[in-house]
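Trainee: Please find one structure pasted underneath; my questions will follow.
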Amino acid sequence: MIDPIQPFVQMYNSLPPMLQELVRFLYSEPFIKAAIFPGALFSTLLGMFAVWFERKLFARISLRIGPLHVGKVAGILQLIADAIKFLSKERIIPEGVNRPLFVLMPCLALVLSLLLYAFLPFGAGWIIYPSEIGLLLFFLVAALSPVPIVLAGYASRSKYPFIGMSRIALQLFGYEVPLFLALTGVVLSTRTLNLEKIVEAQVRVPLAVAQVIGFVVFMITLLAETERLPFDIPTAEGEIVFGWQTEYSGVYFLMIQLAMFEKVLAFCFLGAVLYLGGWLGPPIPGLPETLSAPFWIILKALILFTLVALLRGVYPRLTIEKVLDLGWKYLIPLAFVNLIITAGTSLVAGALTITF
Amino acid sequence: MTEAQDQERNEIYVYDTGEGLVFSYGPQHPGTGHFRMIVRVLGDTVLEAEPDPGFVHRGEEKMCESKTWITNIPHLERPVILDSAGILYPYCLAVERLMGVEPPPRAKYLRALMAELNRIGSHFYYFALYGVFLGIPTPFLWSFGDREFIVDLVQFIGGQRITHSYFVPGGVRNDAPAKVPAKLVQHFRTWYSEATGRRPSESELTDNFHKYVLHVADFIDSRLDYYWDLMLDNSIFITRTRGVGRLTPEEVASLGAVGVTLRASGLKRDVRVDEPYDAYGEVKFEIPVMVEGDGYARAVIAFREMKESLKIIRQLVEGMPDGPFKLKQHPINIRVPAGEAFARAEAAHGEMAYYIRSDGSDKPYRVRILAPSFRNLIVIPYTTRGKRIADIPVLYWSNNYWPVEWDR
């Protein structure tokens with residue numbers, strides 16, 4: 001552990017042993033990783049930045065200015081103002097809802113979305129929970145995330161949330177198959193489930209180049225899994241008011257929105273890790289490796305997020321029929337094609353190494 | 001959509017036992033205005049959709065009987081504030097027919113100019129909400145930015161942005177000014193460079209009224225191509241709207257629909273051409289017609305109507321005669337001889353008609369308004385059978401409704 005500055009050392013030594021242990025905990029690597037970077041604080045701040053960024057981008061597409069007044073620069077603090085507004089609103093729980101489920105499910109959705117960041121590497125060693133099966137863990141948590149959404153729709157006991165709930169069940173469970181098949185292609189070519197090792201395997205060429213089809217399938221399933229336009233069918237405004245979120249307001253709505261954004265960003269980071277070479281990038285002069293690595297992965301994830309956000313201004317929403325058609329008829333066969341190509345190339349590569 | 005799917009849906013409809021989920025589509029709904037549809041669905045299939053209008057009934061027709069001929073004008077335009085000219089036009093024509101007078105030529109041109117400006121503004125609104133209902137907010141924000149200059153022009157000619165009360169029996173309320181304020185030109189200049197990415201040259205922008213109107217028309221014309229790329233050439237927009245709410249020419253004729261719904265089904269009917277009133281006999285334009293009769297065709301018809309309106313505006317501005325803009329200045333009110341008159345005009349939402357009976361006093365005896373939205377309302381229960389929930393916004397909005405108009 002690095003020595004702190006002298007007065008702090010004296011203060012630390014004068015503390016009783018129990019408090020010394022607490023200070024050691026607060027200064028320990030697991031706590032800093034979980035609470036600050038890349039854990040809770042970082043992901044929340046990044047989520048807020050992403051919302052602001054998306055609003056600015058969409059404003060430019062629609063020939064507007066976007067957030068302007070809150071904060072000195074380009075309305076950067078607008079999201080904090082919005083959050084305060086949501087927090088100060090009355091918590092409305094409609095009559096006849098299943099109260100425990102209704103209150104609990106937004107919290108669970110947010111927890112599950114934030115949990116995704118535990119398995120994402122932000123640099124060599126910058127990972128909260130390094131695991132040999134990190135990719136599987138990520139997929140497990142992502143696959144659990146429709147459960148609170150469906151239960152929230154059920155708990156609302158209302159007609160529009162009911163329709164939205166049935167739509168989201170169809171959409172999310174239908175798109176997990178192509179997502180998993182696309183990820184299988186990555187596992188097959190890198191021969192590991194460890195996300196750090198997947199990044200290291202892309203030193204020479206990122207997988208987006210080697211597995212173009214897999215990358216496209218992954219990006220489309222990303223949009224569907226995170227209910228982004230043109231796949232925001234479960235919350236289709238013009239049809240079913242706000243889908244499964246209709247009855248939620250105030251702080252619960254804020255939690256749901258944050259959970260959705262964290263999920264999009266986590267998937268963008270996963271895309272950067274799996275297909276764009278993660279934290280690998282040319283070294284930046286004057287910046288140590290430990291800092292340039294997070295810079296590169298955040299940049300790559302934001303590029304993916306920009307792609308996702310751009311679609312919002314350009315495409316109308318699909319219908320549930322078309323979405324299921326796309327998922328089952330096109331994406332799953334495409335993912336299999338990707339798998340076969342990957343298997344073939346790795347077979348050929350393996351044969352070549354044996355011969356030479 | 002294949003035939004097998006159609007058949008399957010018809011079977012669901014035939015064996016309908018009255019079950020299913022019933023929910024309200026409106027009036028507290030982001031997808032409708034002041035209007036409700038009671039929708040019964042089985043799974044994702046709509047079994048029936050019953051329109052339930054009347055939330056914004058104001059008794060306009062009854063109100064007309066207690067107000068004088070002139071004071072009727074401001075409240076008559078309230079039901080369709082987007083297209084005030086459209087709803088006032090047949091009223092003025094009918095009153096003029098009763099009085100047996102004809103407005104001076106300049107008034108005819110100014111009226112037609114105002115009607116076309118309002119039509120473009122209304123169609124911009126149609127695109128805006130079409131996009132919002134389908135989940136793409138960009139056309140909404142674009143068209144409100146572009147519509148601003150149409151509205152500014154309306155304010156500049158008529159004195160008010162939307163409820164201008166510009167039409168009076170026997171002419172228009174005031175003449176069009178000859179000079180455009182410098183502030184408006186500057187405002188337009190900023191938006192022009194923002195929207196098109198290039199600066200207008202100094203010679204293009206002047207404070208001359210005729211040149212300014214022509215320039216705005218050119219600008220809107222070039223902007224419409226962006227809308228084509230964004231919406232009507234968008235593959236998802238096409239999949240969402242093509243084949244939805246299809247009506248054959250026979251069906252649309254027997255239902256008595258008007259406006260874009262009628263012309264999208266292949267019937268070439270437009271009052272501006274069939275019964276030319278005012279300056280419409282002196283300008284050349286086409287009636288856009290398509291045969292598909294679905295949601296996509298209606299959007300294309302509205303798009304092409306805007307292009308034709310711009311054509312009309314150019315001709316009107318270039319050929320505008322000088323002279324008086326009103327027959328005579330009425331001190332307070334007019335007296336209309338006893339009798340009855342019927343007049344119709346092409347409003348933005350379709351054919352608007354008035355039947356007026358006068359008993360010779362300073363107030364109408366009876367005013368009957370035939371609103372185009374109300375005539376199109378019957379299309380909803382007819383087209384929604386067997387469609388999906390996701391098709392409801394297209395089925396509703398593609399007919400260019402305005403709920404306040406049908407309630408009157």
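By convention in this document, the chains of the structure tokens carry letters A, B, ... by their order, each chain's residues are numbered from 1, and ligands are numbered from 1 in the order they are shown.
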Could you go through stretch 46-100 of chain A and tell me which residues DSSP, when run on the backbone, assigns to alpha helix (DSSP H), listing them as a list in words?
Mentor: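 Checking each residue of stretch 46-100 of chain A, the alpha helix (DSSP H) ones are Leu46, Gly47, Met48, Phe49, Ala50, Val51, Trp52, Phe53, Glu54, Arg55, Lys56, Leu57, Phe58, Ala59, Arg60, Ile61, Gln78, Leu79, Ile80, Ala81, Asp82, Ala83, Ile84, Lys85, Phe86, Leu87, Arg99 and Pro100 of chain A.
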Trainee: With N, CA, C and O atoms retained, write the just-selected residues as a tab-separated table (two decimals), in the first residue's frame.
Mentor:
```tsv
chain	number	residue	atom	x	y	z
A	46	LEU	N	-21.30	7.87	-15.40
A	46	LEU	CA	-21.26	7.59	-16.84
A	46	LEU	C	-22.68	7.51	-17.40
A	46	LEU	O	-22.95	8.00	-18.50
A	47	GLY	N	-23.59	6.89	-16.63
A	47	GLY	CA	-24.99	6.81	-17.06
A	47	GLY	C	-25.57	8.20	-17.27
A	47	GLY	O	-26.22	8.49	-18.28
A	48	MET	N	-25.28	9.10	-16.30
A	48	MET	CA	-25.80	10.47	-16.43
A	48	MET	C	-25.19	11.17	-17.63
A	48	MET	O	-25.87	11.86	-18.38
A	49	PHE	N	-23.89	10.97	-17.80
A	49	PHE	CA	-23.23	11.60	-18.94
A	49	PHE	C	-23.83	11.07	-20.24
A	49	PHE	O	-24.05	11.83	-21.19
A	50	ALA	N	-24.12	9.76	-20.26
A	50	ALA	CA	-24.65	9.17	-21.49
A	50	ALA	C	-26.02	9.75	-21.82
A	50	ALA	O	-26.32	10.02	-22.99
A	51	VAL	N	-26.85	9.95	-20.79
A	51	VAL	CA	-28.16	10.54	-21.05
A	51	VAL	C	-27.99	11.94	-21.62
A	51	VAL	O	-28.63	12.32	-22.62
A	52	TRP	N	-27.11	12.71	-21.00
A	52	TRP	CA	-26.86	14.08	-21.50
A	52	TRP	C	-26.34	14.05	-22.92
A	52	TRP	O	-26.78	14.81	-23.79
A	53	PHE	N	-25.40	13.14	-23.18
A	53	PHE	CA	-24.79	13.02	-24.50
A	53	PHE	C	-25.85	12.66	-25.55
A	53	PHE	O	-25.91	13.24	-26.63
A	54	GLU	N	-26.72	11.71	-25.17
A	54	GLU	CA	-27.75	11.29	-26.10
A	54	GLU	C	-28.71	12.44	-26.39
A	54	GLU	O	-29.12	12.66	-27.53
A	55	ARG	N	-29.05	13.19	-25.34
A	55	ARG	CA	-29.97	14.30	-25.54
A	55	ARG	C	-29.37	15.36	-26.44
A	55	ARG	O	-30.05	15.93	-27.31
A	56	LYS	N	-28.09	15.64	-26.25
A	56	LYS	CA	-27.42	16.62	-27.08
A	56	LYS	C	-27.36	16.16	-28.54
A	56	LYS	O	-27.63	16.92	-29.47
A	57	LEU	N	-27.02	14.88	-28.69
A	57	LEU	CA	-26.90	14.32	-30.04
A	57	LEU	C	-28.25	14.36	-30.75
A	57	LEU	O	-28.35	14.79	-31.91
A	58	PHE	N	-29.28	13.92	-30.03
A	58	PHE	CA	-30.60	13.91	-30.64
A	58	PHE	C	-31.09	15.32	-30.94
A	58	PHE	O	-31.76	15.55	-31.94
A	59	ALA	N	-30.71	16.26	-30.07
A	59	ALA	CA	-31.09	17.65	-30.33
A	59	ALA	C	-30.45	18.14	-31.61
A	59	ALA	O	-31.07	18.85	-32.40
A	60	ARG	N	-29.20	17.76	-31.86
A	60	ARG	CA	-28.55	18.21	-33.08
A	60	ARG	C	-29.21	17.59	-34.31
A	60	ARG	O	-29.38	18.24	-35.34
A	61	ILE	N	-29.61	16.31	-34.19
A	61	ILE	CA	-30.28	15.66	-35.34
A	61	ILE	C	-31.57	16.39	-35.65
A	61	ILE	O	-31.90	16.62	-36.80
A	78	GLN	N	-27.84	19.21	-16.32
A	78	GLN	CA	-29.29	19.06	-16.51
A	78	GLN	C	-29.81	17.77	-15.90
A	78	GLN	O	-30.87	17.73	-15.29
A	79	LEU	N	-29.02	16.70	-16.01
A	79	LEU	CA	-29.47	15.40	-15.52
A	79	LEU	C	-29.60	15.40	-14.01
A	79	LEU	O	-30.49	14.75	-13.46
A	80	ILE	N	-28.70	16.14	-13.33
A	80	ILE	CA	-28.80	16.21	-11.87
A	80	ILE	C	-30.06	16.95	-11.49
A	80	ILE	O	-30.80	16.55	-10.58
A	81	ALA	N	-30.35	18.03	-12.23
A	81	ALA	CA	-31.60	18.77	-11.97
A	81	ALA	C	-32.81	17.87	-12.18
A	81	ALA	O	-33.75	17.86	-11.38
A	82	ASP	N	-32.76	17.08	-13.26
A	82	ASP	CA	-33.88	16.18	-13.53
A	82	ASP	C	-34.03	15.14	-12.43
A	82	ASP	O	-35.14	14.83	-12.00
A	83	ALA	N	-32.88	14.62	-11.96
A	83	ALA	CA	-32.93	13.60	-10.91
A	83	ALA	C	-33.54	14.19	-9.65
A	83	ALA	O	-34.37	13.56	-8.98
A	84	ILE	N	-33.16	15.43	-9.31
A	84	ILE	CA	-33.72	16.07	-8.12
A	84	ILE	C	-35.22	16.25	-8.28
A	84	ILE	O	-36.00	16.03	-7.36
A	85	LYS	N	-35.63	16.61	-9.49
A	85	LYS	CA	-37.06	16.78	-9.73
A	85	LYS	C	-37.80	15.46	-9.50
A	85	LYS	O	-38.82	15.43	-8.83
A	86	PHE	N	-37.26	14.39	-10.05
A	86	PHE	CA	-37.92	13.08	-9.87
A	86	PHE	C	-37.94	12.67	-8.40
A	86	PHE	O	-38.94	12.14	-7.91
A	87	LEU	N	-36.83	12.95	-7.69
A	87	LEU	CA	-36.77	12.53	-6.29
A	87	LEU	C	-37.74	13.32	-5.43
A	87	LEU	O	-38.25	12.82	-4.43
A	99	ARG	N	-48.35	-4.39	-4.10
A	99	ARG	CA	-47.43	-3.39	-3.55
A	99	ARG	C	-45.98	-3.86	-3.44
A	99	ARG	O	-45.07	-3.18	-3.92
A	100	PRO	N	-45.71	-5.01	-2.77
A	100	PRO	CA	-44.30	-5.40	-2.62
A	100	PRO	C	-43.58	-5.54	-3.95
A	100	PRO	O	-42.48	-5.00	-4.13
```
Trainee: Determine, using only C-alpha atoms, which residues of chain A have any atom at most 12 Å from an atom of chain B, and tabulate each with its shortest atom pair and distance in Å to one decimal place, rows ordered by chain and then rising number, as a Markdown table.
Mentor:
```
| residue | atom | partner | partner_atom | distance |
| --- | --- | --- | --- | --- |
| A:Leu57 | CA | B:Thr138 | CA | 11.8 |
| A:Phe58 | CA | B:Thr138 | CA | 8.4 |
| A:Ala59 | CA | B:Thr138 | CA | 9.0 |
| A:Arg60 | CA | B:Glu194 | CA | 10.1 |
| A:Ile61 | CA | B:Thr138 | CA | 7.3 |
| A:Ser62 | CA | B:Thr138 | CA | 5.2 |
| A:Leu63 | CA | B:Trp142 | CA | 6.8 |
| A:Arg64 | CA | B:Leu141 | CA | 8.0 |
| A:Ile65 | CA | B:Glu194 | CA | 11.0 |
| A:Gly66 | CA | B:Leu141 | CA | 11.8 |
| A:Ser158 | CA | B:Phe23 | CA | 9.9 |
| A:Lys159 | CA | B:Phe23 | CA | 6.9 |
| A:Tyr160 | CA | B:Phe23 | CA | 8.2 |
| A:Pro161 | CA | B:Phe23 | CA | 11.6 |
| A:Phe162 | CA | B:Leu21 | CA | 10.3 |
| A:Ile163 | CA | B:Asp44 | CA | 8.6 |
| A:Gly164 | CA | B:Ile389 | CA | 11.1 |
| A:Ser166 | CA | B:Gly43 | CA | 9.6 |
| A:Arg167 | CA | B:Asp44 | CA | 9.6 |
| A:Arg228 | CA | B:Gly135 | CA | 11.0 |
| A:Leu229 | CA | B:Gly135 | CA | 7.9 |
| A:Pro230 | CA | B:Gly135 | CA | 7.9 |
| A:Phe231 | CA | B:Gly135 | CA | 9.9 |
| A:Asp232 | CA | B:Gly135 | CA | 8.5 |
| A:Ile233 | CA | B:Ala390 | CA | 8.8 |
| A:Pro234 | CA | B:Ala390 | CA | 10.8 |
| A:Thr235 | CA | B:Gly135 | CA | 10.1 |
| A:Ala236 | CA | B:Gly135 | CA | 7.2 |
| A:Glu237 | CA | B:Pro30 | CA | 6.4 |
| A:Gly238 | CA | B:Gly31 | CA | 4.2 |
| A:Glu239 | CA | B:Ala390 | CA | 6.0 |
| A:Ile240 | CA | B:Tyr25 | CA | 8.1 |
| A:Val241 | CA | B:His29 | CA | 5.9 |
| A:Phe242 | CA | B:Pro30 | CA | 8.7 |
| A:Gly243 | CA | B:Pro30 | CA | 11.7 |
| A:Thr246 | CA | B:His29 | CA | 10.7 |
| A:Leu310 | CA | B:Thr138 | CA | 11.1 |
| A:Leu311 | CA | B:Ile136 | CA | 9.5 |
| A:Arg312 | CA | B:Ile136 | CA | 7.0 |
| A:Gly313 | CA | B:Thr138 | CA | 5.6 |
| A:Val314 | CA | B:Ile136 | CA | 6.8 |
| A:Tyr315 | CA | B:Ile136 | CA | 6.0 |
| A:Pro316 | CA | B:Ile136 | CA | 4.6 |
| A:Arg317 | CA | B:Gly135 | CA | 5.2 |
| A:Leu318 | CA | B:Ile236 | CA | 6.6 |
| A:Thr319 | CA | B:Ala390 | CA | 6.1 |
| A:Ile320 | CA | B:Ala390 | CA | 7.9 |
| A:Glu321 | CA | B:Arg388 | CA | 9.2 |
| A:Lys322 | CA | B:Thr239 | CA | 8.9 |
| A:Val323 | CA | B:Ile236 | CA | 11.3 |
```
Trainee: Which polymer residues have any atom within 9 Å of an atom of B:Phe35, counting only C-alpha atoms, with same-chain residues fewer than 5 positions away left out, as a VMD selection string?
Mentor: chain B and resid 25 to 28 51 to 56 403 to 404
Trainee: Please save N, CA, C and O atoms of the selected residues as a tab-separated table (two decimals), in the first residue's frame.
Mentor:
```tsv
chain	number	residue	atom	x	y	z
B	25	TYR	N	-58.38	3.53	-26.02
B	25	TYR	CA	-57.28	4.19	-26.72
B	25	TYR	C	-57.61	5.67	-26.72
B	25	TYR	O	-58.28	6.17	-27.60
B	26	GLY	N	-57.18	6.36	-25.68
B	26	GLY	CA	-57.54	7.76	-25.50
B	26	GLY	C	-58.61	7.89	-24.45
B	26	GLY	O	-59.06	6.89	-23.95
B	27	PRO	N	-59.07	9.08	-24.06
B	27	PRO	CA	-58.53	10.39	-24.45
B	27	PRO	C	-57.26	10.79	-23.70
B	27	PRO	O	-56.60	11.72	-24.12
B	28	GLN	N	-56.95	10.07	-22.60
B	28	GLN	CA	-55.69	10.38	-21.89
B	28	GLN	C	-54.65	9.42	-22.42
B	28	GLN	O	-54.34	8.42	-21.79
B	51	PRO	N	-65.04	4.07	-32.36
B	51	PRO	CA	-64.69	5.46	-32.06
B	51	PRO	C	-65.73	6.10	-31.15
B	51	PRO	O	-66.92	5.83	-31.28
B	52	ASP	N	-65.26	6.89	-30.23
B	52	ASP	CA	-66.15	7.52	-29.26
B	52	ASP	C	-65.83	9.01	-29.19
B	52	ASP	O	-65.14	9.47	-28.29
B	53	PRO	N	-66.30	9.80	-30.17
B	53	PRO	CA	-65.98	11.22	-30.18
B	53	PRO	C	-66.88	11.99	-29.22
B	53	PRO	O	-67.78	11.42	-28.61
B	54	GLY	N	-66.63	13.27	-29.09
B	54	GLY	CA	-67.53	14.12	-28.31
B	54	GLY	C	-66.91	14.73	-27.08
B	54	GLY	O	-67.60	15.38	-26.31
B	55	PHE	N	-65.61	14.53	-26.87
B	55	PHE	CA	-65.00	15.08	-25.66
B	55	PHE	C	-64.82	16.59	-25.73
B	55	PHE	O	-64.69	17.23	-24.71
B	56	VAL	N	-64.77	17.13	-26.92
B	56	VAL	CA	-64.53	18.57	-27.05
B	56	VAL	C	-65.65	19.23	-27.86
B	56	VAL	O	-65.42	20.16	-28.61
B	403	PRO	N	-59.54	15.87	-33.98
B	403	PRO	CA	-60.71	15.56	-33.15
B	403	PRO	C	-61.63	16.74	-32.87
B	403	PRO	O	-62.84	16.60	-32.85
B	404	VAL	N	-61.06	17.93	-32.67
B	404	VAL	CA	-61.91	19.08	-32.35
B	404	VAL	C	-62.81	19.43	-33.52
B	404	VAL	O	-63.90	19.96	-33.37
```
Trainee: Mind giving me the straight-line distance from atom CA of B:Val95 to atom CA of B:Arg269 in Å, one decimal?
Mentor: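 Those two atoms sit 24.2 Å apart.
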Trainee: At a cut-off of 10 Å, using only C-alpha atoms, what residues contact B:Arg344? Leave out same-chain residues fewer than 4 positions from it and give the result as a ChimeraX atom specification.
Mentor: /B:86-87,89-91,93-94,271-272,275,277,351-355,369-370
Trainee: Limited to N, CA, C and O atoms, could you put the picked residues into a file as a compact mmCIF listing (two decimals), in the first residue's frame?
Mentor:
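Once written, result-v2.txt looks like this:
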```
# COMPACT_ATOMS: atom_id res chain seq x y z
N GLY B 86 -59.23 27.06 -43.80
CA GLY B 86 -60.06 25.99 -44.36
C GLY B 86 -61.47 26.00 -43.84
O GLY B 86 -62.42 25.74 -44.58
N ILE B 87 -61.64 26.29 -42.56
CA ILE B 87 -62.99 26.24 -41.99
C ILE B 87 -63.74 27.55 -42.21
O ILE B 87 -64.96 27.57 -42.23
N TYR B 89 -63.35 29.47 -45.01
CA TYR B 89 -63.52 29.70 -46.44
C TYR B 89 -64.96 29.42 -46.90
O TYR B 89 -65.64 30.30 -47.46
N PRO B 90 -65.49 28.19 -46.64
CA PRO B 90 -66.86 27.93 -47.11
C PRO B 90 -67.90 28.79 -46.42
O PRO B 90 -68.93 29.11 -47.04
N TYR B 91 -67.65 29.20 -45.20
CA TYR B 91 -68.60 30.10 -44.52
C TYR B 91 -68.72 31.41 -45.29
O TYR B 91 -69.83 31.86 -45.62
N LEU B 93 -67.86 31.96 -48.39
CA LEU B 93 -68.42 31.72 -49.73
C LEU B 93 -69.94 31.62 -49.65
O LEU B 93 -70.67 32.19 -50.48
N ALA B 94 -70.46 30.90 -48.64
CA ALA B 94 -71.91 30.72 -48.53
C ALA B 94 -72.59 32.04 -48.25
O ALA B 94 -73.64 32.36 -48.84
N VAL B 271 -62.22 19.82 -54.47
CA VAL B 271 -63.16 20.91 -54.75
C VAL B 271 -62.48 22.06 -55.47
O VAL B 271 -63.08 22.75 -56.27
N ARG B 272 -61.18 22.21 -55.22
CA ARG B 272 -60.46 23.32 -55.85
C ARG B 272 -60.47 23.18 -57.38
O ARG B 272 -60.35 24.17 -58.09
N GLU B 275 -64.94 22.37 -58.57
CA GLU B 275 -65.81 23.55 -58.50
C GLU B 275 -64.94 24.74 -58.17
O GLU B 275 -64.94 25.21 -57.04
N TYR B 277 -63.30 27.81 -56.96
CA TYR B 277 -63.80 29.01 -56.29
C TYR B 277 -62.65 30.00 -56.19
O TYR B 277 -61.49 29.61 -56.20
N GLU B 351 -62.78 17.86 -47.72
CA GLU B 351 -63.80 18.79 -48.21
C GLU B 351 -64.63 19.31 -47.05
O GLU B 351 -65.26 18.56 -46.32
N MET B 352 -64.63 20.62 -46.88
CA MET B 352 -65.41 21.27 -45.81
C MET B 352 -66.60 21.94 -46.45
O MET B 352 -66.45 22.67 -47.44
N ALA B 353 -67.80 21.71 -45.91
CA ALA B 353 -69.00 22.30 -46.52
C ALA B 353 -69.86 22.95 -45.47
O ALA B 353 -69.88 22.54 -44.31
N TYR B 354 -70.57 23.99 -45.88
CA TYR B 354 -71.48 24.72 -44.98
C TYR B 354 -72.85 24.79 -45.64
O TYR B 354 -72.96 25.03 -46.84
N TYR B 355 -73.86 24.61 -44.82
CA TYR B 355 -75.21 24.91 -45.27
C TYR B 355 -75.71 26.02 -44.35
O TYR B 355 -75.70 25.86 -43.13
N ILE B 369 -72.32 22.63 -40.32
CA ILE B 369 -70.93 22.43 -40.77
C ILE B 369 -70.73 20.95 -41.07
O ILE B 369 -70.99 20.10 -40.22
N LEU B 370 -70.26 20.67 -42.27
CA LEU B 370 -69.89 19.30 -42.62
C LEU B 370 -68.38 19.20 -42.51
O LEU B 370 -67.66 19.62 -43.40
```
